[in-house]
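S.K.: Provided below: entry.txt, containing compact mmCIF, N, CA and C atoms.
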# COMPACT_ATOMS: atom_id res chain seq x y z
N MET A 1 -9.77 23.55 9.51
CA MET A 1 -10.35 22.38 8.86
C MET A 1 -10.91 21.44 9.93
N GLN A 2 -11.94 20.72 9.57
CA GLN A 2 -12.54 19.79 10.50
C GLN A 2 -11.97 18.40 10.32
N ALA A 3 -12.03 17.60 11.37
CA ALA A 3 -11.47 16.25 11.34
C ALA A 3 -12.35 15.26 10.59
N GLN A 4 -13.57 15.64 10.29
CA GLN A 4 -14.48 14.69 9.65
C GLN A 4 -14.18 14.51 8.17
N SER A 5 -14.64 13.42 7.63
CA SER A 5 -14.53 13.05 6.21
C SER A 5 -13.12 13.17 5.65
N GLN A 6 -12.21 12.45 6.24
CA GLN A 6 -10.85 12.44 5.72
C GLN A 6 -10.70 11.36 4.65
N VAL A 7 -9.68 11.52 3.83
CA VAL A 7 -9.37 10.56 2.77
C VAL A 7 -7.94 10.08 2.95
N PHE A 8 -7.62 8.95 2.30
CA PHE A 8 -6.27 8.43 2.34
C PHE A 8 -5.56 8.73 1.03
N ARG A 9 -4.30 9.09 1.13
CA ARG A 9 -3.42 9.30 -0.03
C ARG A 9 -2.16 8.48 0.21
N TRP A 10 -1.66 7.83 -0.85
CA TRP A 10 -0.49 6.97 -0.74
C TRP A 10 0.63 7.47 -1.64
N PHE A 11 1.86 7.28 -1.17
CA PHE A 11 3.04 7.67 -1.95
C PHE A 11 4.13 6.63 -1.73
N GLN A 12 4.86 6.32 -2.80
CA GLN A 12 5.97 5.36 -2.75
C GLN A 12 7.28 6.15 -2.80
N THR A 13 8.21 5.84 -1.91
CA THR A 13 9.51 6.51 -1.90
C THR A 13 10.53 5.68 -2.67
N ASP A 14 11.66 6.28 -2.98
CA ASP A 14 12.70 5.55 -3.70
C ASP A 14 13.61 4.76 -2.77
N SER A 15 13.52 5.03 -1.46
CA SER A 15 14.34 4.33 -0.47
C SER A 15 13.71 4.56 0.91
N PRO A 16 14.13 3.79 1.91
CA PRO A 16 13.56 4.00 3.25
C PRO A 16 13.79 5.43 3.75
N VAL A 17 12.76 5.97 4.37
CA VAL A 17 12.82 7.33 4.91
C VAL A 17 13.50 7.29 6.27
N ASP A 18 14.48 8.18 6.46
CA ASP A 18 15.19 8.30 7.73
C ASP A 18 14.20 8.65 8.84
N LEU A 19 14.44 8.14 10.03
CA LEU A 19 13.52 8.36 11.15
C LEU A 19 13.32 9.84 11.47
N LEU A 20 14.38 10.63 11.42
CA LEU A 20 14.23 12.06 11.70
C LEU A 20 13.42 12.76 10.60
N VAL A 21 13.60 12.33 9.37
CA VAL A 21 12.84 12.89 8.26
C VAL A 21 11.37 12.49 8.38
N MET A 22 11.11 11.29 8.86
CA MET A 22 9.72 10.86 9.07
C MET A 22 9.00 11.86 9.97
N ARG A 23 9.67 12.25 11.04
CA ARG A 23 9.07 13.21 11.97
C ARG A 23 8.82 14.55 11.29
N GLU A 24 9.79 15.00 10.50
CA GLU A 24 9.64 16.26 9.78
C GLU A 24 8.46 16.20 8.81
N VAL A 25 8.31 15.06 8.12
CA VAL A 25 7.20 14.89 7.20
C VAL A 25 5.88 14.96 7.96
N MET A 26 5.80 14.26 9.09
CA MET A 26 4.57 14.26 9.88
C MET A 26 4.20 15.67 10.33
N GLU A 27 5.20 16.43 10.79
CA GLU A 27 4.93 17.79 11.25
C GLU A 27 4.50 18.69 10.09
N ALA A 28 5.15 18.55 8.94
CA ALA A 28 4.81 19.38 7.78
C ALA A 28 3.41 19.07 7.26
N VAL A 29 3.06 17.79 7.21
CA VAL A 29 1.71 17.42 6.76
C VAL A 29 0.68 17.92 7.77
N ASN A 30 1.03 17.85 9.04
CA ASN A 30 0.13 18.34 10.09
C ASN A 30 -0.09 19.85 9.95
N ASP A 31 0.90 20.57 9.42
CA ASP A 31 0.73 22.00 9.16
C ASP A 31 -0.31 22.23 8.06
N LEU A 32 -0.43 21.30 7.11
CA LEU A 32 -1.45 21.41 6.07
C LEU A 32 -2.84 21.18 6.63
N ASP A 33 -2.94 20.22 7.55
CA ASP A 33 -4.22 19.86 8.17
C ASP A 33 -3.91 19.32 9.56
N PRO A 34 -4.26 20.08 10.61
CA PRO A 34 -3.94 19.66 11.98
C PRO A 34 -4.57 18.33 12.40
N HIS A 35 -5.58 17.87 11.64
CA HIS A 35 -6.24 16.61 11.97
C HIS A 35 -5.70 15.45 11.14
N SER A 36 -4.66 15.69 10.38
CA SER A 36 -4.11 14.64 9.51
C SER A 36 -3.30 13.64 10.32
N THR A 37 -3.12 12.47 9.72
CA THR A 37 -2.28 11.42 10.30
C THR A 37 -1.41 10.87 9.18
N VAL A 38 -0.13 10.67 9.48
CA VAL A 38 0.80 10.13 8.50
C VAL A 38 1.27 8.77 8.99
N TYR A 39 1.21 7.78 8.11
CA TYR A 39 1.65 6.43 8.43
C TYR A 39 2.79 6.05 7.48
N PHE A 40 3.74 5.30 7.97
CA PHE A 40 4.82 4.77 7.14
C PHE A 40 4.77 3.25 7.20
N SER A 41 5.08 2.60 6.08
CA SER A 41 5.14 1.14 6.06
C SER A 41 6.30 0.68 6.93
N ASP A 42 6.29 -0.60 7.29
CA ASP A 42 7.35 -1.14 8.14
C ASP A 42 8.74 -0.91 7.56
N ASP A 43 8.84 -0.98 6.24
CA ASP A 43 10.16 -0.78 5.62
C ASP A 43 10.41 0.70 5.30
N ARG A 44 9.47 1.56 5.67
CA ARG A 44 9.57 3.02 5.51
C ARG A 44 9.72 3.47 4.06
N THR A 45 9.14 2.70 3.12
CA THR A 45 9.19 3.08 1.71
C THR A 45 7.82 3.49 1.17
N GLN A 46 6.80 3.38 1.98
CA GLN A 46 5.46 3.82 1.57
C GLN A 46 4.92 4.77 2.62
N VAL A 47 4.32 5.84 2.14
CA VAL A 47 3.74 6.85 3.02
C VAL A 47 2.25 6.88 2.76
N GLN A 48 1.47 6.77 3.81
CA GLN A 48 0.02 6.86 3.71
C GLN A 48 -0.40 8.07 4.54
N VAL A 49 -1.18 8.94 3.95
CA VAL A 49 -1.62 10.17 4.62
C VAL A 49 -3.13 10.16 4.72
N LYS A 50 -3.63 10.31 5.92
CA LYS A 50 -5.08 10.46 6.16
C LYS A 50 -5.29 11.95 6.39
N ILE A 51 -6.07 12.58 5.50
CA ILE A 51 -6.12 14.04 5.50
C ILE A 51 -7.46 14.52 4.92
N SER A 52 -7.75 15.78 5.14
CA SER A 52 -8.96 16.38 4.58
C SER A 52 -8.91 16.34 3.06
N PRO A 53 -10.03 16.05 2.41
CA PRO A 53 -10.05 16.04 0.95
C PRO A 53 -9.82 17.42 0.35
N GLN A 54 -9.91 18.44 1.17
CA GLN A 54 -9.67 19.81 0.70
C GLN A 54 -8.18 20.07 0.43
N VAL A 55 -7.30 19.23 0.99
CA VAL A 55 -5.87 19.36 0.74
C VAL A 55 -5.56 18.53 -0.50
N SER A 56 -5.01 19.16 -1.52
CA SER A 56 -4.78 18.46 -2.78
C SER A 56 -3.60 17.48 -2.69
N VAL A 57 -3.63 16.50 -3.58
CA VAL A 57 -2.54 15.54 -3.68
C VAL A 57 -1.23 16.28 -3.99
N ALA A 58 -1.31 17.29 -4.84
CA ALA A 58 -0.11 18.07 -5.20
C ALA A 58 0.48 18.77 -3.98
N GLU A 59 -0.37 19.29 -3.10
CA GLU A 59 0.11 19.95 -1.87
C GLU A 59 0.83 18.95 -0.97
N ILE A 60 0.22 17.77 -0.81
CA ILE A 60 0.83 16.74 0.03
C ILE A 60 2.16 16.31 -0.57
N HIS A 61 2.16 16.06 -1.88
CA HIS A 61 3.37 15.63 -2.58
C HIS A 61 4.49 16.65 -2.40
N SER A 62 4.20 17.92 -2.65
CA SER A 62 5.26 18.93 -2.55
C SER A 62 5.74 19.10 -1.11
N THR A 63 4.85 18.89 -0.14
CA THR A 63 5.24 18.99 1.26
C THR A 63 6.22 17.87 1.62
N ILE A 64 5.92 16.65 1.18
CA ILE A 64 6.80 15.52 1.48
C ILE A 64 8.14 15.68 0.76
N VAL A 65 8.08 16.05 -0.52
CA VAL A 65 9.32 16.25 -1.30
C VAL A 65 10.13 17.39 -0.69
N GLY A 66 9.46 18.40 -0.15
CA GLY A 66 10.13 19.53 0.49
C GLY A 66 10.97 19.13 1.69
N LYS A 67 10.71 17.97 2.22
CA LYS A 67 11.50 17.46 3.35
C LYS A 67 12.64 16.55 2.89
N GLY A 68 12.87 16.52 1.57
CA GLY A 68 14.00 15.75 1.04
C GLY A 68 13.69 14.32 0.67
N VAL A 69 12.43 13.94 0.69
CA VAL A 69 12.03 12.58 0.35
C VAL A 69 11.79 12.51 -1.17
N VAL A 70 12.39 11.53 -1.82
CA VAL A 70 12.17 11.32 -3.25
C VAL A 70 10.98 10.38 -3.39
N LEU A 71 9.94 10.87 -4.05
CA LEU A 71 8.73 10.07 -4.24
C LEU A 71 8.69 9.52 -5.66
N LEU A 72 8.33 8.24 -5.78
CA LEU A 72 8.20 7.60 -7.09
C LEU A 72 6.80 7.74 -7.63
N THR A 73 5.83 7.98 -6.76
CA THR A 73 4.44 8.13 -7.19
C THR A 73 3.99 9.55 -6.91
N THR A 74 3.10 10.04 -7.73
CA THR A 74 2.64 11.42 -7.58
C THR A 74 1.14 11.56 -7.50
N ASP A 75 0.39 10.48 -7.78
CA ASP A 75 -1.06 10.62 -7.87
C ASP A 75 -1.82 10.29 -6.59
N GLY A 76 -1.15 9.81 -5.56
CA GLY A 76 -1.80 9.55 -4.28
C GLY A 76 -2.68 8.32 -4.23
N THR A 77 -2.63 7.47 -5.27
CA THR A 77 -3.47 6.27 -5.27
C THR A 77 -2.75 5.12 -4.56
N PRO A 78 -3.51 4.17 -4.02
CA PRO A 78 -2.87 3.07 -3.29
C PRO A 78 -2.08 2.16 -4.21
N PRO A 79 -1.04 1.53 -3.67
CA PRO A 79 -0.29 0.58 -4.48
C PRO A 79 -1.13 -0.66 -4.73
N PRO A 80 -0.82 -1.41 -5.80
CA PRO A 80 -1.58 -2.64 -6.04
C PRO A 80 -1.29 -3.65 -4.93
N PRO A 81 -2.24 -4.55 -4.67
CA PRO A 81 -2.00 -5.53 -3.62
C PRO A 81 -0.89 -6.50 -4.00
N VAL A 82 -0.22 -7.01 -2.99
CA VAL A 82 0.82 -8.01 -3.21
C VAL A 82 0.13 -9.33 -3.50
N THR A 83 0.44 -9.94 -4.64
CA THR A 83 -0.25 -11.17 -5.03
C THR A 83 0.67 -12.38 -4.99
N THR A 84 1.94 -12.17 -4.68
CA THR A 84 2.87 -13.30 -4.61
C THR A 84 3.72 -13.21 -3.35
N ALA A 85 4.14 -14.38 -2.89
CA ALA A 85 5.06 -14.47 -1.77
C ALA A 85 6.46 -14.12 -2.26
N PRO A 86 7.41 -13.91 -1.36
CA PRO A 86 8.77 -13.58 -1.80
C PRO A 86 9.37 -14.59 -2.78
N ASP A 87 8.98 -15.85 -2.70
CA ASP A 87 9.52 -16.85 -3.63
C ASP A 87 8.77 -16.87 -4.97
N GLY A 88 7.77 -16.01 -5.11
CA GLY A 88 7.01 -15.93 -6.35
C GLY A 88 5.74 -16.75 -6.38
N SER A 89 5.52 -17.57 -5.37
CA SER A 89 4.31 -18.39 -5.34
C SER A 89 3.10 -17.51 -5.06
N PRO A 90 1.92 -17.91 -5.57
CA PRO A 90 0.73 -17.06 -5.41
C PRO A 90 0.23 -17.02 -3.96
N LEU A 91 -0.36 -15.88 -3.63
CA LEU A 91 -0.99 -15.69 -2.33
C LEU A 91 -2.50 -15.64 -2.52
N TYR A 92 -3.23 -16.11 -1.54
CA TYR A 92 -4.69 -16.04 -1.57
C TYR A 92 -5.09 -14.67 -1.05
N LEU A 93 -5.79 -13.89 -1.86
CA LEU A 93 -6.23 -12.56 -1.47
C LEU A 93 -7.73 -12.57 -1.21
N VAL A 94 -8.14 -12.01 -0.10
CA VAL A 94 -9.55 -11.94 0.27
C VAL A 94 -10.08 -10.57 -0.12
N SER A 95 -11.03 -10.55 -1.05
CA SER A 95 -11.61 -9.29 -1.51
C SER A 95 -13.06 -9.13 -1.06
N GLY A 96 -13.63 -10.19 -0.50
CA GLY A 96 -15.04 -10.18 -0.14
C GLY A 96 -15.90 -10.97 -1.13
N ASP A 97 -15.33 -11.30 -2.28
CA ASP A 97 -16.01 -12.11 -3.29
C ASP A 97 -15.39 -13.51 -3.21
N ALA A 98 -15.95 -14.36 -2.35
CA ALA A 98 -15.36 -15.67 -2.08
C ALA A 98 -15.17 -16.51 -3.33
N ALA A 99 -16.18 -16.56 -4.18
CA ALA A 99 -16.08 -17.38 -5.40
C ALA A 99 -15.01 -16.82 -6.34
N GLY A 100 -14.99 -15.51 -6.50
CA GLY A 100 -13.98 -14.88 -7.35
C GLY A 100 -12.58 -15.03 -6.79
N ASP A 101 -12.45 -14.90 -5.45
CA ASP A 101 -11.15 -15.07 -4.80
C ASP A 101 -10.62 -16.48 -5.04
N ARG A 102 -11.49 -17.46 -4.84
CA ARG A 102 -11.10 -18.86 -5.02
C ARG A 102 -10.70 -19.12 -6.48
N ALA A 103 -11.49 -18.60 -7.42
CA ALA A 103 -11.20 -18.82 -8.85
C ALA A 103 -9.85 -18.18 -9.24
N ARG A 104 -9.62 -16.96 -8.76
CA ARG A 104 -8.34 -16.29 -9.07
C ARG A 104 -7.17 -17.07 -8.48
N TYR A 105 -7.34 -17.56 -7.25
CA TYR A 105 -6.27 -18.30 -6.60
C TYR A 105 -6.02 -19.63 -7.32
N GLU A 106 -7.07 -20.33 -7.68
CA GLU A 106 -6.91 -21.61 -8.39
C GLU A 106 -6.19 -21.40 -9.72
N ALA A 107 -6.54 -20.33 -10.43
CA ALA A 107 -5.87 -20.04 -11.70
C ALA A 107 -4.39 -19.70 -11.47
N ALA A 108 -4.10 -18.94 -10.42
CA ALA A 108 -2.72 -18.57 -10.12
C ALA A 108 -1.90 -19.80 -9.72
N VAL A 109 -2.50 -20.70 -8.94
CA VAL A 109 -1.80 -21.93 -8.54
C VAL A 109 -1.54 -22.81 -9.77
N ALA A 110 -2.53 -22.92 -10.65
CA ALA A 110 -2.34 -23.73 -11.87
C ALA A 110 -1.21 -23.16 -12.72
N GLU A 111 -1.16 -21.85 -12.84
CA GLU A 111 -0.09 -21.19 -13.61
C GLU A 111 1.27 -21.43 -12.94
N TRP A 112 1.31 -21.30 -11.61
CA TRP A 112 2.54 -21.54 -10.85
C TRP A 112 3.00 -22.98 -11.04
N ASN A 113 2.09 -23.92 -10.89
CA ASN A 113 2.44 -25.34 -11.00
C ASN A 113 2.95 -25.68 -12.40
N ALA A 114 2.37 -25.08 -13.43
CA ALA A 114 2.83 -25.34 -14.79
C ALA A 114 4.24 -24.80 -15.00
N ALA A 115 4.54 -23.66 -14.39
CA ALA A 115 5.86 -23.05 -14.54
C ALA A 115 6.89 -23.61 -13.56
N ASN A 116 6.43 -24.22 -12.47
CA ASN A 116 7.33 -24.71 -11.42
C ASN A 116 6.95 -26.12 -10.99
N PRO A 117 7.03 -27.10 -11.87
CA PRO A 117 6.58 -28.45 -11.50
C PRO A 117 7.35 -29.04 -10.32
N GLU A 118 8.59 -28.63 -10.16
CA GLU A 118 9.39 -29.15 -9.05
C GLU A 118 8.95 -28.59 -7.70
N ARG A 119 8.18 -27.49 -7.73
CA ARG A 119 7.69 -26.88 -6.48
C ARG A 119 6.16 -26.71 -6.54
N ALA A 120 5.50 -27.70 -7.12
CA ALA A 120 4.04 -27.63 -7.28
C ALA A 120 3.34 -27.43 -5.94
N MET A 121 2.28 -26.63 -5.98
CA MET A 121 1.49 -26.34 -4.79
C MET A 121 0.19 -27.13 -4.84
N GLU A 122 -0.31 -27.51 -3.68
CA GLU A 122 -1.63 -28.12 -3.59
C GLU A 122 -2.60 -27.06 -3.12
N LEU A 123 -3.82 -27.10 -3.65
CA LEU A 123 -4.82 -26.15 -3.18
C LEU A 123 -5.26 -26.53 -1.77
N PRO A 124 -5.41 -25.56 -0.90
CA PRO A 124 -5.85 -25.87 0.48
C PRO A 124 -7.31 -26.30 0.49
N VAL A 125 -7.63 -27.13 1.46
CA VAL A 125 -9.02 -27.57 1.62
C VAL A 125 -9.85 -26.43 2.17
N ASN A 126 -9.32 -25.75 3.19
CA ASN A 126 -10.04 -24.62 3.79
C ASN A 126 -9.77 -23.36 3.01
N VAL A 127 -10.83 -22.63 2.73
CA VAL A 127 -10.71 -21.37 2.01
C VAL A 127 -10.94 -20.25 3.02
N PRO A 128 -10.04 -19.27 3.10
CA PRO A 128 -10.09 -18.24 4.12
C PRO A 128 -11.41 -17.49 4.27
N ASN A 129 -12.09 -17.15 3.19
CA ASN A 129 -13.28 -16.31 3.34
C ASN A 129 -14.58 -17.02 2.99
N GLN A 130 -14.61 -18.32 3.20
CA GLN A 130 -15.88 -19.05 2.98
C GLN A 130 -16.38 -19.63 4.26
As a first step, turn the structure in this file into structure tokens.
M.R.:
Amino acid sequence: MQAQSQVFRWFQTDSPVDLLVMREVMEAVNDLDPHSTVYFSDDRTQVQVKISPQVSVAEIHSTIVGKGVVLLTTDGTPPPPVTTAPDGSPLYLVSGDAAGDRARYEAAVAEWNAANPERAMELPVNVPNQ
């Protein structure tokens, strides 16, 4: 297989992957495609695979599961973006649509403030992507 035109596939695990198992997963995925790259999230609960589109999601899934990892997702699609901070307050997400980003954030802040008047947020003057 050639290294060109790779795609990303994502998988969510049920718990952090052990460091030794991470290595086994990387080696096994590399056996599917020698040009592949496997990434793990900081908390080791998300697996991102950069691989040839010729390798099916089912092949990647069964390879990872074959190493003892329990996967919660099977379709290889990315997880939704995180839209709230750990305390539940809204986060400003930059999508490239500055007006839409600002409108979504303003609506989220208004909803937060209505539900949490004791911890009301003020909208920032500076907008990240404008």
S.K.: Please list as a PDB file with N, CA and C atoms, in the frame of the given file every residue within 10 Å of Gln48 of chain A, counting only C-alpha atoms and excluding residues in the same chain fewer than 3 positions away.
M.R.:
ATOM      1  N   PHE A   8      -7.620   8.950   2.300  1.00  0.00           N
ATOM      2  CA  PHE A   8      -6.270   8.430   2.340  1.00  0.00           C
ATOM      3  C   PHE A   8      -5.560   8.730   1.030  1.00  0.00           C
ATOM      4  N   ARG A   9      -4.300   9.090   1.130  1.00  0.00           N
ATOM      5  CA  ARG A   9      -3.420   9.300  -0.030  1.00  0.00           C
ATOM      6  C   ARG A   9      -2.160   8.480   0.210  1.00  0.00           C
ATOM      7  N   TRP A  10      -1.660   7.830  -0.850  1.00  0.00           N
ATOM      8  CA  TRP A  10      -0.490   6.970  -0.740  1.00  0.00           C
ATOM      9  C   TRP A  10       0.630   7.470  -1.640  1.00  0.00           C
ATOM     10  N   PHE A  11       1.860   7.280  -1.170  1.00  0.00           N
ATOM     11  CA  PHE A  11       3.040   7.670  -1.950  1.00  0.00           C
ATOM     12  C   PHE A  11       4.130   6.630  -1.730  1.00  0.00           C
ATOM     13  N   GLN A  12       4.860   6.320  -2.800  1.00  0.00           N
ATOM     14  CA  GLN A  12       5.970   5.360  -2.750  1.00  0.00           C
ATOM     15  C   GLN A  12       7.280   6.150  -2.800  1.00  0.00           C
ATOM     16  N   THR A  37      -3.120  12.470   9.720  1.00  0.00           N
ATOM     17  CA  THR A  37      -2.280  11.420  10.300  1.00  0.00           C
ATOM     18  C   THR A  37      -1.410  10.870   9.180  1.00  0.00           C
ATOM     19  N   VAL A  38      -0.130  10.670   9.480  1.00  0.00           N
ATOM     20  CA  VAL A  38       0.800  10.130   8.500  1.00  0.00           C
ATOM     21  C   VAL A  38       1.270   8.770   8.990  1.00  0.00           C
ATOM     22  N   TYR A  39       1.210   7.780   8.110  1.00  0.00           N
ATOM     23  CA  TYR A  39       1.650   6.430   8.430  1.00  0.00           C
ATOM     24  C   TYR A  39       2.790   6.050   7.480  1.00  0.00           C
ATOM     25  N   PHE A  40       3.740   5.300   7.970  1.00  0.00           N
ATOM     26  CA  PHE A  40       4.820   4.770   7.140  1.00  0.00           C
ATOM     27  C   PHE A  40       4.770   3.250   7.200  1.00  0.00           C
ATOM     28  N   SER A  41       5.080   2.600   6.080  1.00  0.00           N
ATOM     29  CA  SER A  41       5.140   1.140   6.060  1.00  0.00           C
ATOM     30  C   SER A  41       6.300   0.680   6.930  1.00  0.00           C
ATOM     31  N   ILE A  51      -6.070  12.580   5.500  1.00  0.00           N
ATOM     32  CA  ILE A  51      -6.120  14.040   5.500  1.00  0.00           C
ATOM     33  C   ILE A  51      -7.460  14.520   4.920  1.00  0.00           C
ATOM     34  N   GLY A  76      -1.150   9.810  -5.560  1.00  0.00           N
ATOM     35  CA  GLY A  76      -1.800   9.550  -4.280  1.00  0.00           C
ATOM     36  C   GLY A  76      -2.680   8.320  -4.230  1.00  0.00           C
ATOM     37  N   THR A  77      -2.630   7.470  -5.270  1.00  0.00           N
ATOM     38  CA  THR A  77      -3.470   6.270  -5.270  1.00  0.00           C
ATOM     39  C   THR A  77      -2.750   5.120  -4.560  1.00  0.00           C
ATOM     40  N   PRO A  78      -3.510   4.170  -4.020  1.00  0.00           N
ATOM     41  CA  PRO A  78      -2.870   3.070  -3.290  1.00  0.00           C
ATOM     42  C   PRO A  78      -2.080   2.160  -4.210  1.00  0.00           C
TER      43      PRO A  78
END
S.K.: Of the candidates A:Pro90, A:Pro124, A:Leu72, A:Asp43, which one gets nearest to Val109 of chain A if we count all atoms listed in the file?
M.R.: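 Of A:Pro90, A:Pro124, A:Leu72, A:Asp43, the one nearest Val109 of chain A is A:Pro90, counting all atoms listed in the file.
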S.K.: Point out the residue among A:Arg104, A:Lys50, A:Arg23, A:Arg44 with the least atom-to-atom distance to Gln6 of chain A, counting all atoms listed in the file.
M.R.: A:Lys50
S.K.: Rank nothing, just name the residue among A:Arg102, A:Val25, A:Leu91, A:Ala114 nearest to Val65 of chain A, using all atoms listed in the file.
M.R.: A:Val25
S.K.: What is the atom CA of Asn30 of chain A to atom N of Pro16 of chain A distance in Å?
M.R.: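 That distance, rounded to one decimal, is 21.8 Å.
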S.K.: Report as a ChimeraX atom specification: the residues of chain A with a DSSP assignment of alpha helix (DSSP H), based on the backbone of this structure.
M.R.: /A:19-32,57-65,98-115
S.K.: Leaving out Thr83 of chain A and any residue of its chain fewer than 6 positions from it, which residues lie within 10 Å of it when counting only C-alpha atoms, given as a ChimeraX atom specification?
M.R.: /A:89-93,105,108
S.K.: Would you work out the distance separating atom CA of Ser95 of chain A from atom CA of Pro117 of chain A, expressed in Å to one decimal?
M.R.: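 Straight-line distance from atom CA of Ser95 of chain A to atom CA of Pro117 of chain A works out to 28.2 Å.
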S.K.: Pick out the closest residue to Ser36 of chain A from this set: A:Val49, A:Ala107, A:Thr73, A:Asn116. Count only C-alpha atoms.
M.R.: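 Once distances to Ser36 of chain A are computed over only C-alpha atoms, the minimum belongs to A:Val49.
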S.K.: Have a look at atom C of Asp33 of chain A and atom N of Ser52 of chain A and let me know their distance in Å, one decimal.
M.R.: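 Here the two named atoms are 6.8 Å from each other.
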